[in-house]
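Raw contents of start_37.cif, mmCIF, C-alpha atoms; chains and numbers go by the auth columns:
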data_work
#
loop_
_atom_site.group_PDB
_atom_site.id
_atom_site.type_symbol
_atom_site.label_atom_id
_atom_site.label_comp_id
_atom_site.label_asym_id
_atom_site.label_seq_id
_atom_site.Cartn_x
_atom_site.Cartn_y
_atom_site.Cartn_z
_atom_site.B_iso_or_equiv
_atom_site.auth_seq_id
_atom_site.auth_asym_id
ATOM 1 C CA MET A 1 125.940 125.608 119.565 0.00 1 N
ATOM 2 C CA LYS A 2 122.237 124.915 119.950 0.00 2 N
ATOM 3 C CA THR A 3 119.683 126.520 117.720 0.00 3 N
ATOM 4 C CA ALA A 4 115.986 126.838 118.374 0.00 4 N
ATOM 5 C CA ALA A 5 113.225 127.036 115.823 0.00 5 N
ATOM 6 C CA PRO A 6 111.614 130.450 115.587 0.00 6 N
ATOM 7 C CA PRO A 7 108.236 130.671 117.359 0.00 7 N
ATOM 8 C CA LEU A 8 106.403 131.004 114.029 0.00 8 N
ATOM 9 C CA GLU A 9 107.873 127.702 112.777 0.00 9 N
ATOM 10 C CA LEU A 10 106.862 125.939 115.991 0.00 10 N
ATOM 11 C CA HIS A 11 103.353 127.337 115.684 0.00 11 N
ATOM 12 C CA ALA A 12 103.124 126.194 112.048 0.00 12 N
ATOM 13 C CA LEU A 13 104.373 122.707 112.974 0.00 13 N
ATOM 14 C CA GLU A 14 101.868 122.426 115.818 0.00 14 N
ATOM 15 C CA LYS A 15 99.046 123.576 113.528 0.00 15 N
ATOM 16 C CA LEU A 16 100.070 120.986 110.909 0.00 16 N
ATOM 17 C CA ARG A 17 100.116 118.253 113.575 0.00 17 N
ATOM 18 C CA GLU A 18 96.619 119.234 114.766 0.00 18 N
ATOM 19 C CA GLU A 19 95.342 119.172 111.173 0.00 19 N
ATOM 20 C CA GLU A 20 96.876 115.720 110.611 0.00 20 N
ATOM 21 C CA LEU A 21 95.299 114.389 113.832 0.00 21 N
ATOM 22 C CA GLU A 22 91.924 115.775 112.808 0.00 22 N
ATOM 23 C CA GLU A 23 92.255 114.138 109.400 0.00 23 N
ATOM 24 C CA ALA A 24 93.212 110.841 111.068 0.00 24 N
ATOM 25 C CA ARG A 25 90.103 111.114 113.256 0.00 25 N
ATOM 26 C CA ALA A 26 87.957 111.732 110.160 0.00 26 N
ATOM 27 C CA ILE A 27 89.456 108.666 108.433 0.00 27 N
ATOM 28 C CA GLN A 28 88.856 106.595 111.571 0.00 28 N
ATOM 29 C CA SER A 29 85.206 107.689 111.709 0.00 29 N
ATOM 30 C CA VAL A 30 84.711 106.640 108.063 0.00 30 N
ATOM 31 C CA MET A 31 85.809 103.111 109.033 0.00 31 N
ATOM 32 C CA LEU A 32 82.851 102.889 111.466 0.00 32 N
ATOM 33 C CA PRO A 33 79.393 101.681 110.371 0.00 33 N
ATOM 34 C CA ALA A 34 77.292 104.523 109.012 0.00 34 N
ATOM 35 C CA GLU A 35 73.967 103.281 110.398 0.00 35 N
ATOM 36 C CA SER A 36 72.342 100.723 112.677 0.00 36 N
ATOM 37 C CA LEU A 37 71.701 97.193 111.469 0.00 37 N
ATOM 38 C CA ARG A 38 68.369 95.413 112.066 0.00 38 N
ATOM 39 C CA ALA A 39 67.641 91.695 112.160 0.00 39 N
ATOM 40 C CA GLY A 40 63.993 91.297 113.135 0.00 40 N
ATOM 41 C CA ALA A 41 63.683 92.385 116.748 0.00 41 N
ATOM 42 C CA VAL A 42 67.464 92.721 117.115 0.00 42 N
ATOM 43 C CA MET A 43 69.169 96.032 116.395 0.00 43 N
ATOM 44 C CA ILE A 44 72.936 96.549 116.356 0.00 44 N
ATOM 45 C CA SER A 45 74.118 100.129 116.778 0.00 45 N
ATOM 46 C CA HIS A 46 76.988 101.999 118.365 0.00 46 N
ATOM 47 C CA GLU A 47 78.187 105.263 119.785 0.00 47 N
ATOM 48 C CA PHE A 48 81.870 106.031 119.463 0.00 48 N
ATOM 49 C CA GLN A 49 83.461 108.543 121.841 0.00 49 N
ATOM 50 C CA PRO A 50 87.259 108.558 121.382 0.00 50 N
ATOM 51 C CA VAL A 51 89.374 109.939 124.202 0.00 51 N
ATOM 52 C CA ALA A 52 92.012 111.345 121.858 0.00 52 N
ATOM 53 C CA ALA A 53 91.952 112.709 118.319 0.00 53 N
ATOM 54 C CA ALA A 54 92.883 109.286 116.927 0.00 54 N
ATOM 55 C CA GLY A 55 93.533 105.916 118.455 0.00 55 N
ATOM 56 C CA GLY A 56 93.332 102.173 118.113 0.00 56 N
ATOM 57 C CA ASP A 57 89.668 101.416 118.867 0.00 57 N
ATOM 58 C CA PHE A 58 87.605 99.923 116.059 0.00 58 N
ATOM 59 C CA LEU A 59 84.315 98.173 115.415 0.00 59 N
ATOM 60 C CA ASP A 60 82.133 97.063 112.550 0.00 60 N
ATOM 61 C CA TYR A 61 78.941 95.122 111.947 0.00 61 N
ATOM 62 C CA PHE A 62 77.584 93.808 108.675 0.00 62 N
ATOM 63 C CA GLU A 63 75.353 91.234 107.022 0.00 63 N
ATOM 64 C CA LEU A 64 77.036 88.057 105.791 0.00 64 N
ATOM 65 C CA THR A 65 76.076 86.211 102.615 0.00 65 N
ATOM 66 C CA ASP A 66 74.165 83.514 104.557 0.00 66 N
ATOM 67 C CA GLY A 67 71.898 86.095 106.227 0.00 67 N
ATOM 68 C CA SER A 68 73.799 86.067 109.537 0.00 68 N
ATOM 69 C CA PHE A 69 75.266 89.230 111.027 0.00 69 N
ATOM 70 C CA GLY A 70 78.891 89.710 111.958 0.00 70 N
ATOM 71 C CA LEU A 71 80.160 92.109 114.584 0.00 71 N
ATOM 72 C CA TYR A 72 83.669 92.824 115.771 0.00 72 N
ATOM 73 C CA LEU A 73 85.053 95.123 118.404 0.00 73 N
ATOM 74 C CA GLY A 74 88.761 95.691 118.880 0.00 74 N
ATOM 75 C CA ASP A 75 91.431 97.761 120.530 0.00 75 N
ATOM 76 C CA VAL A 76 95.043 98.168 119.432 0.00 76 N
ATOM 77 C CA SER A 77 97.745 98.623 122.043 0.00 77 N
ATOM 78 C CA GLY A 78 99.148 102.115 122.274 0.00 78 N
ATOM 79 C CA LYS A 79 97.698 105.497 121.478 0.00 79 N
ATOM 80 C CA GLY A 80 97.634 108.150 118.797 0.00 80 N
ATOM 81 C CA LEU A 81 98.479 107.843 115.141 0.00 81 N
ATOM 82 C CA PRO A 82 100.546 104.619 115.346 0.00 82 N
ATOM 83 C CA ALA A 83 97.624 102.811 117.030 0.00 83 N
ATOM 84 C CA ALA A 84 95.152 104.310 114.545 0.00 84 N
ATOM 85 C CA LEU A 85 97.270 103.149 111.598 0.00 85 N
ATOM 86 C CA TYR A 86 97.513 99.622 112.991 0.00 86 N
ATOM 87 C CA ALA A 87 93.745 99.640 113.634 0.00 87 N
ATOM 88 C CA ALA A 88 93.241 100.567 109.959 0.00 88 N
ATOM 89 C CA LEU A 89 95.434 97.603 108.973 0.00 89 N
ATOM 90 C CA ALA A 90 93.422 95.283 111.252 0.00 90 N
ATOM 91 C CA VAL A 91 90.073 96.570 109.916 0.00 91 N
ATOM 92 C CA GLY A 92 91.196 96.207 106.301 0.00 92 N
ATOM 93 C CA THR A 93 92.411 92.685 106.983 0.00 93 N
ATOM 94 C CA LEU A 94 89.191 91.790 108.821 0.00 94 N
ATOM 95 C CA ARG A 95 87.035 93.058 105.974 0.00 95 N
ATOM 96 C CA ARG A 96 88.797 90.643 103.628 0.00 96 N
ATOM 97 C CA VAL A 97 88.765 87.737 106.099 0.00 97 N
ATOM 98 C CA HIS A 98 85.178 87.813 107.377 0.00 98 N
ATOM 99 C CA LYS A 99 83.799 87.429 103.864 0.00 99 N
ATOM 100 C CA MET A 100 85.608 84.118 103.397 0.00 100 N
ATOM 101 C CA ASP A 101 84.467 82.310 106.525 0.00 101 N
ATOM 102 C CA THR A 102 81.736 83.005 109.058 0.00 102 N
ATOM 103 C CA SER A 103 83.224 80.985 111.927 0.00 103 N
ATOM 104 C CA PRO A 104 84.379 83.595 114.472 0.00 104 N
ATOM 105 C CA HIS A 105 87.199 81.321 115.639 0.00 105 N
ATOM 106 C CA ASP A 106 88.532 80.833 112.103 0.00 106 N
ATOM 107 C CA VAL A 107 88.231 84.543 111.288 0.00 107 N
ATOM 108 C CA LEU A 108 90.324 85.522 114.325 0.00 108 N
ATOM 109 C CA ALA A 109 92.866 82.776 113.653 0.00 109 N
ATOM 110 C CA THR A 110 93.258 84.013 110.060 0.00 110 N
ATOM 111 C CA LEU A 111 93.487 87.638 111.216 0.00 111 N
ATOM 112 C CA ASN A 112 96.192 86.656 113.699 0.00 112 N
ATOM 113 C CA ARG A 113 98.236 84.843 111.042 0.00 113 N
ATOM 114 C CA ARG A 114 97.992 87.760 108.614 0.00 114 N
ATOM 115 C CA LEU A 115 98.904 90.381 111.199 0.00 115 N
ATOM 116 C CA MET A 116 101.849 88.258 112.391 0.00 116 N
ATOM 117 C CA ILE A 117 103.170 88.234 108.817 0.00 117 N
ATOM 118 C CA ARG A 118 103.359 92.033 109.018 0.00 118 N
ATOM 119 C CA GLY A 119 105.630 91.744 112.063 0.00 119 N
ATOM 120 C CA MET A 120 104.766 95.051 113.712 0.00 120 N
ATOM 121 C CA PRO A 121 106.714 95.236 116.977 0.00 121 N
ATOM 122 C CA ARG A 122 104.920 96.584 120.049 0.00 122 N
ATOM 123 C CA ARG A 123 101.479 96.468 118.372 0.00 123 N
ATOM 124 C CA TYR A 124 98.833 94.023 119.486 0.00 124 N
ATOM 125 C CA THR A 125 95.103 93.833 118.943 0.00 125 N
ATOM 126 C CA ALA A 126 92.552 92.635 121.476 0.00 126 N
ATOM 127 C CA ILE A 127 89.377 91.692 119.631 0.00 127 N
ATOM 128 C CA GLN A 128 86.031 89.947 119.827 0.00 128 N
ATOM 129 C CA TYR A 129 84.205 88.710 116.761 0.00 129 N
ATOM 130 C CA ALA A 130 80.626 87.441 116.904 0.00 130 N
ATOM 131 C CA VAL A 131 78.216 86.009 114.344 0.00 131 N
ATOM 132 C CA PHE A 132 74.483 86.153 115.040 0.00 132 N
ATOM 133 C CA ASN A 133 72.021 84.010 113.097 0.00 133 N
ATOM 134 C CA PRO A 134 68.628 85.788 113.287 0.00 134 N
ATOM 135 C CA HIS A 135 66.765 82.643 112.177 0.00 135 N
ATOM 136 C CA SER A 136 68.156 80.232 114.799 0.00 136 N
ATOM 137 C CA HIS A 137 68.968 82.995 117.346 0.00 137 N
ATOM 138 C CA GLU A 138 72.397 81.410 117.727 0.00 138 N
ATOM 139 C CA LEU A 139 75.307 83.661 118.667 0.00 139 N
ATOM 140 C CA GLN A 140 78.891 82.459 118.186 0.00 140 N
ATOM 141 C CA ILE A 141 81.656 84.504 119.796 0.00 141 N
ATOM 142 C CA ALA A 142 85.428 84.266 119.647 0.00 142 N
ATOM 143 C CA SER A 143 87.699 86.466 121.719 0.00 143 N
ATOM 144 C CA ALA A 144 91.401 87.198 121.678 0.00 144 N
ATOM 145 C CA GLY A 145 92.692 89.206 124.615 0.00 145 N
ATOM 146 C CA MET A 146 89.434 90.975 125.447 0.00 146 N
ATOM 147 C CA PRO A 147 87.161 90.401 128.457 0.00 147 N
ATOM 148 C CA GLY A 148 83.427 89.979 128.197 0.00 148 N
ATOM 149 C CA PRO A 149 81.042 90.114 126.529 0.00 149 N
ATOM 150 C CA PHE A 150 78.231 91.101 128.851 0.00 150 N
ATOM 151 C CA HIS A 151 74.648 89.901 128.635 0.00 151 N
ATOM 152 C CA LEU A 152 72.217 92.705 129.499 0.00 152 N
ATOM 153 C CA SER A 153 68.596 91.867 130.252 0.00 153 N
ATOM 154 C CA ALA A 154 65.708 92.997 132.413 0.00 154 N
ATOM 155 C CA SER A 155 67.019 90.704 135.163 0.00 155 N
ATOM 156 C CA GLY A 156 70.461 92.329 135.220 0.00 156 N
ATOM 157 C CA CYS A 157 73.917 92.171 133.723 0.00 157 N
ATOM 158 C CA ARG A 158 76.248 89.201 133.686 0.00 158 N
ATOM 159 C CA ASN A 159 79.612 88.470 132.149 0.00 159 N
ATOM 160 C CA LEU A 160 79.523 85.629 129.615 0.00 160 N
ATOM 161 C CA LYS A 161 82.522 83.338 129.952 0.00 161 N
ATOM 162 C CA LEU A 162 84.638 82.749 126.878 0.00 162 N
ATOM 163 C CA CYS A 163 87.509 80.333 126.748 0.00 163 N
ATOM 164 C CA GLY A 164 90.854 80.648 125.046 0.00 164 N
ATOM 165 C CA ILE A 165 92.262 82.435 122.090 0.00 165 N
ATOM 166 C CA PRO A 166 92.106 81.243 118.501 0.00 166 N
ATOM 167 C CA ARG A 167 94.294 78.211 118.012 0.00 167 N
ATOM 168 C CA ALA A 168 97.345 78.670 115.841 0.00 168 N
ATOM 169 C CA HIS A 169 97.138 76.980 112.477 0.00 169 N
ATOM 170 C CA SER A 170 100.273 75.492 111.019 0.00 170 N
ATOM 171 C CA PRO A 171 100.877 76.089 107.352 0.00 171 N
ATOM 172 C CA ARG A 172 99.982 73.041 105.303 0.00 172 N
ATOM 173 C CA ARG A 173 102.889 71.440 103.546 0.00 173 N
ATOM 174 C CA THR A 174 102.640 69.451 100.400 0.00 174 N
ATOM 175 C CA THR A 175 105.293 67.100 99.144 0.00 175 N
ATOM 176 C CA ARG A 176 105.850 65.888 95.616 0.00 176 N
ATOM 177 C CA ARG A 177 106.214 62.203 95.019 0.00 177 N
#
Using structure tokens, write down the structure that the file contains.
Amino acid sequence: MKTAAPPLELHALEKLREEELEEARAIQSVMLPAESLRAGAVMISHEFQPVAAAGGDFLDYFELTDGSFGLYLGDVSGKGLPAALYAALAVGTLRRVHKMDTSPHDVLATLNRRLMIRGMPRRYTAIQYAVFNPHSHELQIASAGMPGPFHLSASGCRNLKLCGIPRAHSPRRTTRR
């Protein structure tokens, strides 16, 4: 014998789901930078237009202790709340990692190791992390699974070539003698 939920229960469940998705979207928007960042003539800003109520896209930019600026842009595989939750994990991990080391390659390698420890099946993150030094005008970029970046100028747009993914670091072993 099959039973069906009364229409009022279904309506209440759907309303609760919509409220939860809206709250997830609000939490996701709080993880984004609140304002643009300026470094002399360079300004970093964003506009975020999600397709769904919540998802796995994330970005951040910030000043590092040496006066350089860090910027990352990422996308988690999948959609909806599971992707948004994994994006929150990645952002939280990144915020701890980028303060320890400004090398984009090392930051992504550390992020990869820490996310692998979590062992989330079917969740992957494509990401680019860049560090810009406003004094030397040097830009270092590391990428894992994401195309680009693009260089936009008055003469046009071109795709900058990036090679590889962060190398895997083996845990260091110490032996007692």
Contacts of N:Leu37 at 9 Å or less, counting only C-alpha atoms, minus same-chain residues fewer than 5 places along, as a JSON list (two decimals) with C-alpha atoms, keeping the file's coordinate frame?
[["chain", "number", "residue", "atom", "x", "y", "z"],
["N", 42, "VAL", "CA", 67.46, 92.72, 117.12],
["N", 43, "MET", "CA", 69.17, 96.03, 116.40],
["N", 44, "ILE", "CA", 72.94, 96.55, 116.36],
["N", 45, "SER", "CA", 74.12, 100.13, 116.78],
["N", 61, "TYR", "CA", 78.94, 95.12, 111.95],
["N", 62, "PHE", "CA", 77.58, 93.81, 108.68],
["N", 63, "GLU", "CA", 75.35, 91.23, 107.02],
["N", 69, "PHE", "CA", 75.27, 89.23, 111.03]]
Exercise: N:Ser29 partners within 10 Å, all atoms listed in the file, chain neighbours under 6 positions left out, as JSON, numbers by chain: {"N": [23, 48, 50, 54, 58]}
Residues in the PyMOL selection byres ((chain N and resi 120-125) around 7), expressed as a compact mmCIF listing (two decimals) with C-alpha atoms, keeping the file's coordinate frame:
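File produced: out.txt:
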# COMPACT_ATOMS: atom_id res chain seq x y z
CA GLY N 74 88.76 95.69 118.88
CA ASP N 75 91.43 97.76 120.53
CA VAL N 76 95.04 98.17 119.43
CA SER N 77 97.74 98.62 122.04
CA ARG N 118 103.36 92.03 109.02
CA GLY N 119 105.63 91.74 112.06
CA ALA N 126 92.55 92.64 121.48
CA ILE N 127 89.38 91.69 119.63
Spatial neighbours of N:Leu73, 12 Å, only C-alpha atoms, chain gap at least 4 places, as a PyMOL selection string: chain N and resi 32-33+46+48+56-61+87+90-91+94+108+125-130+141-149
Straight-line distance linking atom CA of N:Glu14 with atom CA of N:Gln28, stated in Å to one decimal: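 Calculated distance between atom CA of N:Glu14 and atom CA of N:Gln28 is 20.9 Å.
Atom pair atom CA of N:Ser155 / atom CA of N:Gln49 has a distance of 27.7 Å (rounded to one decimal).
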Atom pair atom CA of N:Pro82 / atom CA of N:Ser36: separation (Å):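 Going from atom CA of N:Pro82 over to atom CA of N:Ser36, I get 28.6 Å.
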Given only C-alpha atoms as the counted atoms, nearest of N:Val131, N:Ala83, N:Leu111, N:Ala154 to N:Arg96: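 With only C-alpha atoms as the atom set, the closest residue is N:Leu111.
Minimum distance to N:Asn133 across N:Leu160, N:Ala34, N:Ala26, N:Leu64 (counting all atoms listed in the file) occurs at N:Leu64.
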Residue list as number ranges by chain for point (76.0, 78.9, 115.7), cut-off 12 Å, only C-alpha atoms: N: 68-70, 102-105, 130-142
Among listed residues N:Leu8, N:Ala39, N:Ala88, N:Leu71, nearest N:Arg25 (using only C-alpha atoms):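 Ranked by minimum distance to N:Arg25, first place goes to N:Ala88.
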